[in-house]
>>> print(open('final.tsv').read())   # TSV, C-alpha atoms
chain	number	residue	atom	x	y	z
A	1	HIS	CA	0.00	0.00	0.00
A	2	LEU	CA	2.88	2.39	0.75
A	3	ILE	CA	4.19	2.06	-2.83
A	4	ALA	CA	0.75	2.78	-4.23
A	5	ILE	CA	0.42	5.90	-2.03
A	6	LEU	CA	3.87	7.18	-3.10
A	7	LEU	CA	3.13	6.49	-6.77
A	8	PHE	CA	-0.23	8.25	-6.44
A	9	SER	CA	1.47	11.24	-4.75
A	10	PHE	CA	3.95	11.66	-7.64
A	11	LEU	CA	1.17	11.40	-10.22
A	12	VAL	CA	-1.12	13.87	-8.48
A	13	PHE	CA	1.59	16.23	-7.19
A	14	PRO	CA	4.40	16.03	-9.72
A	15	VAL	CA	7.79	17.36	-8.71
A	16	HIS	CA	9.19	19.86	-11.18
A	17	VAL	CA	12.89	20.69	-11.02
A	18	THR	CA	14.38	23.38	-13.26
A	19	GLY	CA	17.68	25.18	-13.60
A	20	LYS	CA	15.98	28.56	-13.28
A	21	THR	CA	16.97	30.92	-10.52
A	22	PHE	CA	14.51	32.89	-8.46
A	23	GLU	CA	13.92	36.49	-9.50
A	24	ASN	CA	15.74	37.89	-6.48
A	25	GLU	CA	18.83	35.72	-7.14
A	26	LYS	CA	21.45	37.34	-9.35
A	27	LYS	CA	23.66	35.36	-11.71
A	28	PRO	CA	27.29	36.50	-11.61
A	29	ALA	CA	28.06	38.77	-14.54
A	30	GLU	CA	30.26	37.31	-17.26
A	31	LYS	CA	33.58	39.07	-17.54
A	32	SER	CA	34.22	40.59	-20.94
A	33	VAL	CA	36.27	43.02	-23.00
A	34	ILE	CA	35.17	45.37	-25.75
A	35	VAL	CA	36.86	45.20	-29.14
A	36	GLU	CA	36.46	48.40	-31.18
A	37	LEU	CA	37.25	48.38	-34.88
A	38	ASN	CA	37.96	51.78	-36.39
A	39	PHE	CA	38.21	51.37	-40.18
A	40	GLY	CA	39.35	54.95	-40.74
A	41	GLU	CA	37.74	58.21	-41.82
A	42	ASN	CA	34.15	58.12	-43.04
A	43	SER	CA	33.57	54.67	-41.55
A	44	GLU	CA	31.49	53.72	-38.56
A	45	THR	CA	33.35	52.17	-35.63
A	46	LYS	CA	32.23	48.61	-34.87
A	47	GLN	CA	32.08	47.41	-31.24
A	48	VAL	CA	31.98	43.75	-30.22
A	49	GLU	CA	31.79	42.39	-26.69
A	50	VAL	CA	34.06	39.36	-26.22
A	51	ALA	CA	34.00	36.99	-23.25
A	52	TRP	CA	37.13	37.38	-21.13
A	53	ARG	CA	39.17	34.47	-19.79
A	54	ASP	CA	42.44	34.39	-17.91
A	55	GLY	CA	45.33	34.74	-20.37
A	56	LEU	CA	43.25	36.28	-23.18
A	57	THR	CA	45.45	38.40	-25.45
A	58	ALA	CA	44.58	41.44	-27.56
A	59	LEU	CA	45.03	39.33	-30.72
A	60	GLU	CA	42.78	36.50	-29.46
A	61	ALA	CA	40.07	39.01	-28.51
A	62	LEU	CA	40.28	40.50	-32.00
A	63	MET	CA	39.98	37.04	-33.57
A	64	HIS	CA	36.74	36.47	-31.61
A	65	ALA	CA	35.36	39.82	-32.84
A	66	ALA	CA	36.28	39.87	-36.55
A	67	ASP	CA	37.64	38.01	-39.56
A	68	VAL	CA	41.40	38.45	-39.13
A	69	SER	CA	44.42	37.67	-41.30
A	70	THR	CA	47.90	37.63	-39.79
A	71	HIS	CA	51.45	37.33	-41.06
A	72	PRO	CA	54.07	35.60	-38.90
A	73	ILE	CA	57.70	36.68	-39.06
A	74	GLY	CA	59.88	34.67	-36.68
A	75	ASN	CA	58.40	35.01	-33.18
A	76	TYR	CA	56.24	37.94	-34.29
A	77	VAL	CA	52.69	37.88	-35.63
A	78	PHE	CA	51.37	40.96	-37.41
A	79	VAL	CA	47.72	41.71	-38.21
A	80	THR	CA	47.46	42.22	-41.97
A	81	SER	CA	43.69	42.57	-42.39
A	82	ILE	CA	40.53	42.89	-40.34
A	83	ASP	CA	37.15	42.13	-41.91
A	84	GLY	CA	38.76	42.32	-45.37
A	85	VAL	CA	40.43	45.72	-44.82
A	86	LYS	CA	44.09	45.07	-45.62
A	87	GLY	CA	47.10	47.02	-44.53
A	88	GLU	CA	49.84	47.94	-46.97
A	89	ARG	CA	53.37	48.25	-45.62
A	90	GLY	CA	54.45	51.88	-45.52
A	91	VAL	CA	50.94	53.10	-46.47
A	92	MET	CA	48.18	51.94	-44.08
A	93	ALA	CA	48.31	49.49	-41.19
A	94	TRP	CA	46.38	48.18	-38.21
A	95	TYR	CA	47.49	49.41	-34.79
A	96	TYR	CA	45.81	48.87	-31.43
A	97	LYS	CA	45.46	50.58	-28.07
A	98	ILE	CA	44.11	49.32	-24.77
A	99	ASN	CA	41.95	51.77	-22.86
A	100	GLY	CA	43.31	54.54	-25.10
A	101	GLN	CA	46.97	53.78	-24.40
A	102	SER	CA	49.65	52.30	-26.66
A	103	THR	CA	51.14	49.14	-25.17
A	104	GLN	CA	54.51	48.85	-26.98
A	105	LYS	CA	53.81	45.10	-27.35
A	106	LEU	CA	52.58	43.02	-30.25
A	107	ALA	CA	48.96	41.97	-29.77
A	108	ILE	CA	49.90	38.28	-29.60
A	109	TRP	CA	51.88	38.95	-26.40
A	110	GLN	CA	49.57	41.56	-24.81
A	111	PRO	CA	47.24	40.15	-22.13
A	112	VAL	CA	43.97	41.96	-21.52
A	113	GLN	CA	41.93	42.37	-18.36
A	114	PRO	CA	38.15	42.28	-17.78
A	115	ASN	CA	36.43	45.52	-18.87
A	116	ASP	CA	39.35	46.57	-21.10
A	117	THR	CA	38.55	48.27	-24.39
A	118	ILE	CA	40.86	47.19	-27.21
A	119	THR	CA	40.67	49.68	-30.06
A	120	TRP	CA	42.03	48.64	-33.46
A	121	LEU	CA	42.80	51.58	-35.74
A	122	TYR	CA	43.35	51.52	-39.50
A	123	VAL	CA	45.78	54.42	-39.94
A	124	LYS	CA	48.84	55.63	-41.82
A	125	ASP	CA	51.67	53.11	-41.35
A	126	VAL	CA	54.38	54.93	-39.44
A	127	CYS	CA	56.20	51.94	-37.94
A	128	SER	CA	57.09	49.55	-40.75
A	129	ALA	CA	60.12	51.50	-41.88
A	130	THR	CA	61.41	52.30	-38.39
A	131	VAL	CA	63.06	50.15	-35.78
A	132	ASP	CA	62.00	52.27	-32.80
A	133	CYS	CA	58.26	52.76	-33.25
A	134	LYS	CA	56.53	54.77	-30.50
A	135	LYS	CA	53.00	54.76	-31.98
>>> encode(input="final.tsv", output="structure tokens")
Amino acid sequence: HLIAILLFSFLVFPVHVTGKTFENEKKPAEKSVIVELNFGENSETKQVEVAWRDGLTALEALMHAADVSTHPIGNYVFVTSIDGVKGERGVMAWYYKINGQSTQKLAIWQPVQPNDTITWLYVKDVCSATVDCKK
């Protein structure tokens, strides 16, 4: 009889378990960075939010935000195009800043932090011909 009562209880009063949280419970906010793509004059800047993880670099964040082509030279990796907009050595190139500041590091080696804004700028190439670039 006990089994029949338990079975009847589950049929009449079904237990419903969900993964939903109660309205007053807050889910922890995902950490992220913003990748801004500035394609130059007369173009609208594109902003993409990218999920942050420990060890994320400026180049990896860019690769999550856009279609990117790179060119490796030894231990260096240079961004050659973003979303089909190609740089031309000595003419136009892609440079980046983090929170408005130049980093003096290649994007492949530059870690980013949660809430950083990584701005990629398509501008006149001033570094290709120089050894000591301070852009």
>>> closest_residue(input="final.tsv", among="A:Val33, A:Val68, A:Val77, A:Ile108", to="Trp52 (chain A)", atoms="only C-alpha atoms")
A:Val33
>>> atom_distance(input="final.tsv", atom1="CA of Gln47 (chain A)", atom2="CA of Asp125 (chain A)")
22.8 Å
>>> atom_distance(input="final.tsv", atom1="CA of Glu88 (chain A)", atom2="CA of Ile34 (chain A)")
25.9 Å
>>> atom_distance(input="final.tsv", atom1="CA of Val79 (chain A)", atom2="CA of Ala51 (chain A)")
20.8 Å
>>> residues_around(input="final.tsv", residues="Val91 (chain A)", least_positions_apart="3", cutoff="10 Å", atoms="all atoms listed in the file", output="list in words")
Gly87, Glu88, Val123, Lys124, Asp125, Val126 and Ser128 of chain A
>>> closest_residue(input="final.tsv", among="A:Arg53, A:Lys105, A:Lys97, A:His71", to="Glu36 (chain A)", atoms="all atoms listed in the file")
A:Lys97
>>> residues_around(input="final.tsv", residues="Pro111 (chain A)", least_positions_apart="4", cutoff="9 Å", atoms="all atoms listed in the file", output="list in words")
Asp54, Gly55, Leu56, Thr57, Ala58, Leu59 and Ala107 of chain A
>>> closest_residue(input="final.tsv", among="A:Pro72, A:Thr117, A:Asp67, A:Tyr96", to="Gly84 (chain A)", atoms="all atoms listed in the file")
A:Asp67
>>> residues_near_point(input="final.tsv", point="(34.0, 54.5, -34.1)", cutoff="12 Å", atoms="all atoms listed in the file", output="PyMOL selection string")
chain A and resi 35-48+119-122
>>> axis_aligned_box(input="final.tsv", around="region 91-101 of chain A", padding_each_side="6 Å", output="lines of an AutoDock Vina configuration file")
center_x = 46.4
center_y = 51.4
center_z = -34.7
size_x = 21.0
size_y = 18.4
size_z = 35.6
>>> residues_around(input="final.tsv", residues="Asp83 (chain A)", least_positions_apart="2", cutoff="9 Å", atoms="all atoms listed in the file", output="PyMOL selection string")
chain A and resi 66-69+81+85-86
